[in-house]
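Participant: Mind having a look at this structure? Questions to follow.
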Amino acid sequence: MRSLKGEVVLNIPAEKAWEMYRDDKIVSQIKPEMLAHAEYIQGDGSPGSLRLLKLGPAVQNYVKESTERIERVESGRSVTYRVVAGDLHKMYDPYRVTFSFTPLQGKEQDKCIAEWKAEYEARNPTMPPPEKARDAALGFLKWFDKFEPSY
């Protein structure tokens with residue numbers, strides 16, 4: 001299985017980034033041009049749950065939507081899911097992603113490292129690695145510390 005990863009430093013605590021990522025309402029408001037809508041369509045975010053992501057216009061030329069089955073949750077730390085439907089599933093199978101949020105040593109109350117890691121196999125040997133997906137995910141994560149919720 002192949003893998004690809006990337007990370008960004010966020011100017012918010014890991015706990016806050018984690019809560020934002022796991023909350024459908026909040027994550028859908030962070031940068032709607034990139035992620036227009038997130039919804040748990042089965043379950044509550046625990047392993048076995050299904051989450052539907054509808055992407056925004058900034059990335060729709062690559063991926064319009066994706067359905068993820070959550071495989072593993074390390075509460076407050078990481079979530080691993082496998083894409084089971086949508087555009088990425090047509091390109092890669094398996095396509096498994098882990099998002100993790102780790103406090104930055106010495107600045108635990110102010111900063112964290114948000115990491116995106118994918119394990120994948122291309123369905124077609126000419127399919128390039130999912131670098132666009134990585135770049136979009138990291139670009140989206142960079143907006144977490146700029147977001148102010150509108151309740």
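Note on naming: chains are A, B, ... as they come in the structure tokens, residues start from 1 per chain, ligands start from 1 in the order shown.
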Quick one: residues within 12 Å of Leu53 in chain A, only C-alpha atoms, excluding same-chain residues fewer than 5 positions away - as an MDAnalysis selection string?
Facilitator: chainID A and resid 24:25 27:28 32 34:41 60 63:69 83:88
Participant: Taking only C-alpha atoms into account, name the residue in A:Gln109, A:Ser49, A:Gln29, A:Ser100 that is nearest to Glu148 in chain A.
Facilitator: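 Ranked by minimum distance to Glu148 in chain A, first place goes to A:Gln29.
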Participant: Can you write out as a tab-separated table which residues of range 11-75 of chain A fall within 10 Å of range 141-144 of chain A, alongside each residue's closest atom pair and its distance in Å to one decimal, counting only C-alpha atoms and ordering rows by chain and ascending residue number?
Facilitator:
residue	atom	partner	partner_atom	distance
A:Asn11	CA	A:Phe144	CA	8.6
A:Ile12	CA	A:Phe144	CA	8.0
A:Lys16	CA	A:Phe144	CA	9.2
A:Ala17	CA	A:Phe144	CA	6.8
A:Met20	CA	A:Phe144	CA	7.8
A:Tyr21	CA	A:Phe144	CA	8.7
A:Ile26	CA	A:Phe144	CA	9.9
A:Val27	CA	A:Phe144	CA	8.7
A:Ile30	CA	A:Trp143	CA	6.6
A:Lys31	CA	A:Trp143	CA	6.9
Participant: Using the selection just defined, write its residues with N, CA, C and O atoms as a CSV table (one decimal), in the first residue's frame.
Facilitator:
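File produced: out00.csv:
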chain,number,residue,atom,x,y,z
A,11,ASN,N,-2.6,27.7,15.0
A,11,ASN,CA,-2.5,28.6,16.2
A,11,ASN,C,-3.7,28.4,17.1
A,11,ASN,O,-4.3,29.4,17.6
A,12,ILE,N,-4.1,27.2,17.4
A,12,ILE,CA,-5.2,26.8,18.3
A,12,ILE,C,-4.8,25.5,19.0
A,12,ILE,O,-4.0,24.7,18.5
A,16,LYS,N,-9.2,22.0,20.6
A,16,LYS,CA,-10.2,22.8,19.8
A,16,LYS,C,-10.3,22.4,18.4
A,16,LYS,O,-11.3,22.3,17.8
A,17,ALA,N,-9.1,22.1,17.8
A,17,ALA,CA,-9.1,21.7,16.4
A,17,ALA,C,-9.8,20.4,16.2
A,17,ALA,O,-10.6,20.2,15.3
A,20,MET,N,-13.6,21.0,16.4
A,20,MET,CA,-14.0,21.6,15.1
A,20,MET,C,-14.2,20.6,14.0
A,20,MET,O,-15.2,20.5,13.3
A,21,TYR,N,-13.2,19.7,13.9
A,21,TYR,CA,-13.1,18.7,12.8
A,21,TYR,C,-14.3,17.7,13.0
A,21,TYR,O,-14.9,17.3,12.0
A,26,ILE,N,-19.9,23.0,12.5
A,26,ILE,CA,-18.7,23.9,12.5
A,26,ILE,C,-17.9,23.6,11.3
A,26,ILE,O,-17.5,24.5,10.6
A,27,VAL,N,-17.5,22.4,11.0
A,27,VAL,CA,-16.6,22.1,9.9
A,27,VAL,C,-17.2,22.5,8.6
A,27,VAL,O,-16.5,22.9,7.7
A,30,ILE,N,-16.3,26.4,8.2
A,30,ILE,CA,-15.0,26.9,8.2
A,30,ILE,C,-14.5,27.6,6.9
A,30,ILE,O,-14.1,28.7,6.9
A,31,LYS,N,-14.7,26.9,5.8
A,31,LYS,CA,-14.3,27.4,4.5
A,31,LYS,C,-15.3,26.7,3.5
A,31,LYS,O,-14.9,25.8,2.8
Participant: Apply DSSP to the structure's backbone, then extract all residues of chain A labelled helix (DSSP H, G or I) and return them as number ranges by chain.
Facilitator: A: 14-22, 24-30, 87-91, 131-141, 144-146
Participant: Choose the residue, out of A:Glu33, A:Lys117, A:Gly106, A:Tyr92, that has the smallest atom-to-atom separation from Ala58 in chain A; count only C-alpha atoms.
Facilitator: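 Using only C-alpha atoms, Ala58 in chain A sits closest to A:Glu33.
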Participant: For a test of reading the model, state the distance in Å between CA of Lys107 in chain A and CA of Ala137 in chain A, rounded to one decimal.
Facilitator: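 CA of Ala137 in chain A lies 23.6 Å from CA of Lys107 in chain A.
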Participant: Figure out the distance between CA of Arg2 in chain A and CA of Arg77 in chain A, please, to one decimal in Å.
Facilitator: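 Taking CA of Arg77 in chain A as the start and CA of Arg2 in chain A as the end point, the length is 23.2 Å.
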Participant: Check the smallest atom-to-atom distance from each of A:Glu7, A:Asp93, A:Glu19, A:Asp145 to Gly76 in chain A using only C-alpha atoms, then report the winner.
Facilitator: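 Nearest candidate to Gly76 in chain A out of A:Glu7, A:Asp93, A:Glu19, A:Asp145: A:Glu19.
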Participant: Looking at only C-alpha atoms, which of A:Met127, A:Ala14, A:Tyr95, A:Gly6 is the one that sits closest to Gly139 in chain A?
Facilitator: A:Gly6
Participant: Do you know which residues are at most 9 Å from Leu104 in chain A counting only C-alpha atoms, after dropping those on the same chain fewer than 3 positions away, and could you put them as a ChimeraX atom specification?
Facilitator: /A:9,13-14,107-113
Participant: Tell me, as a ChimeraX atom specification, which residues lie within 10 Å of Trp18 in chain A, counting only C-alpha atoms; anything in the same chain fewer than 6 positions away does not count.
Facilitator: /A:75-79,99-102,114
Participant: So that I can check the secondary structure, give me every residue of chain A assigned strand (DSSP E or B) by backbone DSSP, as a PyMOL selection string.
Facilitator: chain A and resi 2-10+35-42+50-55+65-74+78-86+92-103+112-122
Participant: Using only C-alpha atoms, which residue out of A:Pro103, A:Val59, A:Arg72, A:Pro125 lies closest to Glu15 in chain A?
Facilitator: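 Nearest candidate to Glu15 in chain A out of A:Pro103, A:Val59, A:Arg72, A:Pro125: A:Pro103.
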Participant: Would you compute the distance between CA of Glu131 in chain A and CA of Phe147 in chain A? Give it in Å to one decimal.
Facilitator: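 CA of Phe147 in chain A lies 24.8 Å from CA of Glu131 in chain A.
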Participant: Between A:Leu50, A:Leu10, A:Gly43, A:Pro94, which one has atoms that come closest to Glu119 in chain A, using only C-alpha atoms?
Facilitator: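 Of the candidates, the smallest distance to Glu119 in chain A is held by A:Pro94.
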